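Novice: Got a structure here, written out as C-alpha cells. Questions coming.
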Number of protein chains: 2
Amino acid sequence: MTSGMTPDEFRKHGKELIDWVADYYERVESLPVTPDVEPGAIRAMLPEFAPELPEPFTEVIADLDRVVMPGITHWQSPNWFAYFPGDSSFPAILGELVSAGLAQQGMLWSTSPATTEIESHMMDWLVDLLGLPQAWKTSGPGGGVIQMSASDSTHTALVVARQRAQGTASLDDIVAYGSAQAHSSIEKGARVAGYRHYRPIEVDEQFALRTDLLEAAIADDRAAGMQPAFVCSAVGTTGTTAVDPVRAIGEIARREGLWHHVDAAYAGSAMICPEFRHHQDGLELADSYVFNPHKWMFVNFDASAFYVADRRPLIETLSILPPYLQDAASQSGSVIDYRDWHVPLGRRFRALKLWFTLRSFGAEGIRSKIREHVGAAQALAARLEADERFELVAPTPFALVSFRHVAGDAATDRLADAVNRSGRAYLTASKLPDSSSFIRVSVGQTNTTARHVESLGDLIEEMSDPA
Amino acid sequence: MTSGMTPDEFRKHGKELIDWVADYYERVESLPVTPDVEPGAIRAMLPEFAPELPEPFTEVIADLDRVVMPGITHWQSPNWFAYFPGDSSFPAILGELVSAGLAQQGMLWSTSPATTEIESHMMDWLVDLLGLPQAWKTSGPGGGVIQMSASDSTHTALVVARQRAQGTASLDDIVAYGSAQAHSSIEKGARVAGYRHYRPIEVDEQFALRTDLLEAAIADDRAAGMQPAFVCSAVGTTGTTAVDPVRAIGEIARREGLWHHVDAAYAGSAMICPEFRHHQDGLELADSYVFNPHKWMFVNFDASAFYVADRRPLIETLSILPPYLQDAASQSGSVIDYRDWHVPLGRRFRALKLWFTLRSFGAEGIRSKIREHVGAAQALAARLEADERFELVAPTPFALVSFRHVAGDAATDRLADAVNRSGRAYLTASKLPDSSSFIRVSVGQTNTTARHVESLGDLIEEMSDPA
C-alpha cells in the first residue's frame, strides 16, 4: 500500500477522528488547562527514526492519546484566560477539513478561482460587519487579504512603507514609530524589514500613545536627517488593551507623509458590535489595518485579515512575474492574484473557515458571544475593584481585566502562579511599563461563559494573600 | 444557538464531510482538471452581506457543490502536470483535521509542548530520511522549523544574511546573488528584505548557475564598494529543475563570507531515495536550506521545512521578548521557542500531518511513489525525444519533462493550449531564457501513476501539429 490510506480507510478513520475531536471538546473543560510535562518528555516517547514500512492508522490514533495529549496546552478550554484567545469553533474546524480535502493552492486566480473569490468576498463582508471604511472593499481602491498572522500583516505594511520612503532616502535612515505598549510584532517586523531605527513612544496614564511625544520624535528625526516612514496605532494593545488615538495619529501621519498602520489584532473582532466602534474612530486615515479573526471571531488560526486603503503600492512592492506564472486571466487585469499581496507564493483556502463560521453563527451569534465575554470581564473587574486586596491597573474597554494585588509584586506573582498551578484556569503574569507586576485575565475563548469567569473570580479570591 | 454548532451536529456534519472529501477523491480523475468559470462568477453566487442569523449547516454543505466546486482547479487530479505538484494525501488531511481540532498555538514551548517537540522530531527524522547534514539536527548547532512556504523560508534566510552583513555596511550596499533561473521568491525575498541589489547570474547550457560569472559579479561589486551578502543555490530550478553546483557555490560563499542558502523546494523530497543525493553534494557548506514536503511528500500545504546550520544568528535576528511572552521554560534555555525562528508569532500544529503521513506511507511508500513518478516522467521524455515533432529542452533529473514542438513557438503554445483546454490534463506553458516557448510536464501528484502519464503522452501526440 503506497498511497498511505485507501478511500474506505479514510472514511473509517476520518469518522473516528471526528468523534475524537467532539469527545475532546466535551471533556476539555474538565482537564487541567496546562500540561504537567517536562521538556523533552514528548520526544522521548517517539522512535529515533521514521518508520521504513507503513504503520496501521489505529496506532497513529492511539498515539494521539498516548503521546500528543500529555503535551497539549488547552487553548480551547473555557477556563483559558491567558495571552489573547486563539479560538476555534466546530464550523471553523470543518472549514479546515474541507480546505485540506480540496488542497487548493490559490497563488493566482486561475489556480483556484473559488479560493480567490470567496476570500475577496469574505474580506468585503467583514468591512460591513465591522464598520470599516467602504473604500477598503475590493470594489474600491483598497482591498483585504488573509495573511497568516498579525505579525505577517504588520511586516508587510512596514515593507510597503519602506519602499515608499526609500525612493528618496537611504535605507539606513528610515524610521518607524509605535507605542511603547505596541505588540512586539511592530518592533520585530521593523527589524525584519530592515529598519535600523524603531522609536517606541511613551504612553499616557491609560497606556495610550502620547501624540505630543510622537510629533516631537518625528521632528527630532527630521532635524537629524532621518526619514520618518511608518507609524502604528494600536486599537487594543497586547499589554492592557489600551486604545491609541487613531484619528490624531492618522492626522500626524498624513501631515508628515508617514504610512499609518492600525493594529487591531485582538480588538478588531469586537467591532462587529457597534457600541465599540468609537474606539476605531479615524480609520479612514489609515493606510493599512490588521485584525485577527483567529483571535476572537471563533475561526481557527491562521486567519489574519489585512486591509490596505490603496492596493497599488502593495502590489507594486510585492509583484514579480516569472514566465511560469504568466497567465491569461492575470494579464487581463480582471482578477486578483493574491500572491502579490504578501510574502508567500502558495496559499491555502483559508476563507472557507471564515465562510462556514460566519454562516453558522450569524452576525448576531458572534455579537452575542462577544458581548457575553465583555460583560463577564467587566463584572470580574468590578468584583476585583470592590475587593480591598486588589486594584485594577487599566480600564477594561474590551474583555481584558488587568489587575494586581495591593501588597505588591510578590503577592501578585504568587497569585498568578497559584492560579496557574491549580490547573483550574490559566492567566498571564505580565509587567507594566514601570516594571511592576500585574495579571492579565483575557476572557474570550469560544465556550467561555459568565459561569467560568465567576469561577475564576472565586479561584482568585481563594488563592490570594490577605491585603 | 450562539456557538455555531453543537457537538452532536459536529459529529453528524463532520462525518458527512469526511464522506464528501472521500467522494471527491474517488471522482476527481474524471473531472476536467481546470474549471470553466469567468472572473466574478463565484462571487456572483454569494449574498452581498453576511447573514445576521445562523444558517443551517446543510445549506453550507450544499453550497460546496453549488458555489465552490465550479471554481476549483483540481490540484489533486492525477492528471495534474502543471507548475510543481501541491500534493495532499488522506493521512495528511486527517493530520490537518486533528490540528484544527486541538487548535494549538505553538509560539512558545509552553504554549504547546507537543506542537514544539513533535515538530523538532519530524525535522530531525527528515534529516536522516533525506541524507541532510547531521549538524542540522536539533541536537547539533543547527535545527529545522516548519514555515509556511519556501518564499517565507528564503526570505528569512535573506534577513539573517542581511543582519550579518549590515554590521559593517550600509543597507544600501548589500547584494544578493542567485541563478537567473532561480525561483522568483529569491528576488522577491531580497526586495522584501530591503536588498537594493539582486544580481541574477547567467546559466550554462543545462540552465545551472555559472560559478565563473558569480565570482566575477562578486569581484565587480566589491570593487564598486558594495557588500556581497547572500547567494542562493537551486537544487531543481522551477523552470527546468536544473541543479546548480552546490559545492562550488558553497566554497565561493565560504571564501567570500556570503550566506549560502540552498533552495530545494521541489527536488528535496526526492532525496529520500539515495540515488538522487549526488545532486545535493556539498550541502554541508550551506548556511540554510529549504524544501517543501507540501510539494512532493504528500503532505498538504503549508509545510515548508527550513533548516539552518547554526541557529544562533537566526534566533538573534528574530527574537524580541516583551513581558507578556516571558516564561520560565523559555528562560531555562532547555526548550525551543519557534516564534524566534520566523516572522509570525502564532503557529499551527503542522507537524501532525507530517507525522501522520510519514507513518502511514512509511519511508518505503514515499520512495516507491517518487520512483514511479520519476520513471514515468523519464519514459515520457524518451517517448517525446523519439518523436520527430518534439525536442527536449532540458534534462529530466527528477520528474519534470521540458520539451517543445520543433515547428517553433506557435506550435508549442498551441499544443499547450489544446491540452489544457481539453480538460483531460493540465500542464504549464513557459519560456526559456532566450524567450522561446516550451512546455513543462511536472509528474508528481500523489495519485498519478505511469498510466496517467502514458495517457498524457497520447494526448500530446493527438493534439500536436505535424513536424
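Letters A, B, ... go to the chains of the C-alpha cells in the order shown; residues in each chain start at 1; ligands are counted from 1 in the same order.
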Step one, run DSSP on the backbone; step two, keep only residues of range 162-331 of chain B assigned to strand (DSSP E or B); then write them as a ChimeraX atom specification.
Specialist: /B:174-179,197-201,203,209,227-235,243,259-263,288-291,304-308
Novice: Please provide as a PyMOL selection string all residues within 6 Å of range 398-404 of chain B, with the sequence filter that same-chain residues fewer than 5 positions apart are discarded (counting only C-alpha atoms).
Specialist: chain B and resi 374+377+381+390-393+412+438-443
Novice: Select, from B:Pro32, B:Pro85, B:Ala450, B:Glu59, the residue with the minimum atom-to-atom distance to Gly71 in chain B, counting only C-alpha atoms.
Specialist: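 Closest to Gly71 in chain B of all the choices is B:Pro32.
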Novice: Using only C-alpha atoms, determine which residues lie at most 8 Å from Pro7 in chain A, disregarding the query and same-chain residues fewer than 4 positions distant; provide the list as a compact mmCIF listing (two decimals) with N, CA and C atoms, in the first residue's frame.
Specialist:
# COMPACT_ATOMS: atom_id res chain seq x y z
N ARG A 11 -12.56 7.03 5.10
CA ARG A 11 -13.92 7.21 5.64
C ARG A 11 -13.99 6.71 7.09
N ALA B 22 -13.95 12.06 0.65
CA ALA B 22 -13.61 10.76 0.04
C ALA B 22 -14.25 10.64 -1.34
N TYR B 25 -12.22 12.53 -3.92
CA TYR B 25 -11.01 11.85 -4.42
C TYR B 25 -11.37 10.67 -5.32
N GLU B 26 -12.53 10.07 -5.09
CA GLU B 26 -12.92 8.94 -5.94
C GLU B 26 -13.36 9.39 -7.32
N PHE B 90 -4.58 11.30 2.14
CA PHE B 90 -5.58 11.09 3.20
C PHE B 90 -4.99 11.23 4.61
Novice: Please identify all residues of chain A having at least one atom at most 6 Å from any atom of chain B, considering only C-alpha atoms, and return them as an mmCIF file with C-alpha atoms, in the first residue's frame.
Specialist:
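Result file is result.cif:
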data_model
loop_
_atom_site.group_PDB
_atom_site.id
_atom_site.type_symbol
_atom_site.label_atom_id
_atom_site.label_comp_id
_atom_site.auth_asym_id
_atom_site.auth_seq_id
_atom_site.Cartn_x
_atom_site.Cartn_y
_atom_site.Cartn_z
ATOM 1 C CA THR A 2 1.866 3.041 -1.212
ATOM 2 C CA GLY A 4 -0.880 5.884 2.712
ATOM 3 C CA PRO A 7 -10.670 5.938 0.483
ATOM 4 C CA LYS A 15 -15.146 9.475 11.237
ATOM 5 C CA VAL A 21 -12.409 15.827 18.275
ATOM 6 C CA ALA A 22 -16.023 16.058 19.515
ATOM 7 C CA ARG A 43 10.060 13.498 22.121
ATOM 8 C CA PHE A 49 13.920 7.232 13.094
ATOM 9 C CA ALA A 50 10.902 7.409 10.806
ATOM 10 C CA PRO A 51 9.399 4.015 10.012
ATOM 11 C CA GLU A 52 10.528 2.284 6.840
ATOM 12 C CA LEU A 53 7.212 0.489 6.403
ATOM 13 C CA PRO A 54 3.647 1.756 6.812
ATOM 14 C CA GLU A 55 2.134 1.588 10.288
ATOM 15 C CA VAL A 68 0.190 14.083 21.993
ATOM 16 C CA GLY A 71 1.805 17.806 25.757
ATOM 17 C CA ILE A 72 -1.295 19.834 24.922
ATOM 18 C CA THR A 73 -1.916 23.273 26.402
ATOM 19 C CA ILE A 93 -12.756 23.061 12.118
ATOM 20 C CA LEU A 97 -11.193 19.878 6.899
ATOM 21 C CA ALA A 100 -7.349 20.308 3.412
ATOM 22 C CA GLY A 101 -9.504 17.945 1.339
ATOM 23 C CA THR A 111 -5.032 28.238 -9.834
ATOM 24 C CA SER A 112 -8.181 28.360 -7.734
ATOM 25 C CA PRO A 113 -10.903 30.840 -8.647
ATOM 26 C CA ALA A 114 -13.029 29.773 -5.667
ATOM 27 C CA GLU A 117 -13.195 34.958 -4.943
ATOM 28 C CA TRP A 125 -18.323 41.016 4.250
ATOM 29 C CA SER A 149 -0.685 36.326 11.425
ATOM 30 C CA SER A 151 2.995 39.768 12.562
ATOM 31 C CA ASP A 152 2.992 38.958 8.849
ATOM 32 C CA LEU A 171 17.625 52.620 3.967
ATOM 33 C CA ASP A 172 19.896 53.379 6.880
ATOM 34 C CA ALA A 193 12.027 44.771 7.118
ATOM 35 C CA GLY A 194 15.443 46.387 7.512
ATOM 36 C CA PRO A 323 7.358 33.211 -17.147
ATOM 37 C CA TYR A 324 5.941 30.123 -15.388
ATOM 38 C CA PRO A 344 4.416 33.675 0.392
ATOM 39 C CA ARG A 359 -22.860 31.479 8.315
ATOM 40 C CA SER A 360 -23.133 29.047 11.224
ATOM 41 C CA PHE A 361 -23.031 31.706 13.945
ATOM 42 C CA GLY A 362 -24.639 34.514 12.005
ATOM 43 C CA ALA A 363 -23.513 38.029 12.859
ATOM 44 C CA GLU A 364 -25.882 38.029 15.818
ATOM 45 C CA GLY A 365 -24.362 34.833 17.171
ATOM 46 C CA SER A 430 2.974 40.413 32.992
ATOM 47 C CA LYS A 431 4.733 43.694 33.731
#
Novice: Which value, in Å to one decimal, gives the distance between CA of Val203 in chain A and CA of Ala180 in chain A?
Specialist: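 Result for CA of Val203 in chain A versus CA of Ala180 in chain A: 6.6 Å, one decimal.
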Novice: Any idea what the distance is between CA of Gln227 in chain B and CA of Val175 in chain B?
Specialist: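 That distance, rounded to one decimal, is 5.9 Å.
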Novice: At what distance in Å, to one decimal, does CA of Ser304 in chain B lie from CA of Gly131 in chain B?
Specialist: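 Result for CA of Gly131 in chain B versus CA of Ser304 in chain B: 17.3 Å, one decimal.
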Novice: Taking the backbone alone, and naming residues the way the document does, which bits of range 203-452 of chain B are helix (DSSP H, G or I) by DSSP, as a PyMOL selection string?
Specialist: chain B and resi 211-223+246-256+267-272+274-280+283-285+293-296+311-318+323-325+328-332+338-341+351-385+409-422+450-452
Novice: Near Gly142 in chain B, counting only C-alpha atoms, which residues have an atom at most 9 Å away, once you skip same-chain residues fewer than 4 positions from it, shown as a list of chain:residue names?
Specialist: B:Gln134, B:Ala135, B:Trp136, B:Lys137, B:Thr138, B:Tyr307, B:Val308, B:Ala309, B:Asp310, B:Arg311, B:Arg312
Novice: Taking 5 positions as the minimum chain separation for residues in the same chain, which residues sit within 8 Å of Ala305 in chain B when counting only C-alpha atoms? Answer as number ranges by chain.
Specialist: B: 123, 144-147, 150, 153, 290-293
Novice: Within 7 Å of Ala242 in chain A, counting only C-alpha atoms, which residues qualify if same-chain residues fewer than 5 places away don't, as a list of chain:residue names?
Specialist: A:Gln206, A:Phe207, A:Ala208, A:Val235, A:Gly236, A:Thr237
Novice: Write a file of the just-selected residues containing C-alpha atoms, as a CSV table (one decimal), in the first residue's frame.
Specialist:
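Once written, out.csv looks like this:
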chain,number,residue,atom,x,y,z
A,206,GLN,CA,-4.1,55.0,30.2
A,207,PHE,CA,-1.3,53.3,28.3
A,208,ALA,CA,-2.2,55.1,25.1
A,235,VAL,CA,-6.6,49.6,18.9
A,236,GLY,CA,-6.2,47.3,21.9
A,237,THR,CA,-2.6,46.9,22.9
Novice: Name the closest residue to Glu316 in chain A among the candidates A:Tyr198, A:Met226, A:Trp341, A:Cys273; distances are taken between atoms, counting only C-alpha atoms.
Specialist: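 Closest to Glu316 in chain A, using only C-alpha atoms: A:Trp341.
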Novice: Which polymer residues have any atom within 8 Å of an atom of range 253-267 of chain A, counting only C-alpha atoms, with same-chain residues fewer than 2 positions away left out, as number ranges by chain?
Specialist: A: 84, 150, 154, 157, 161, 228-236, 238, 241, 246, 249-251, 269-271, 283, 285-292, 295-296, 304, 398
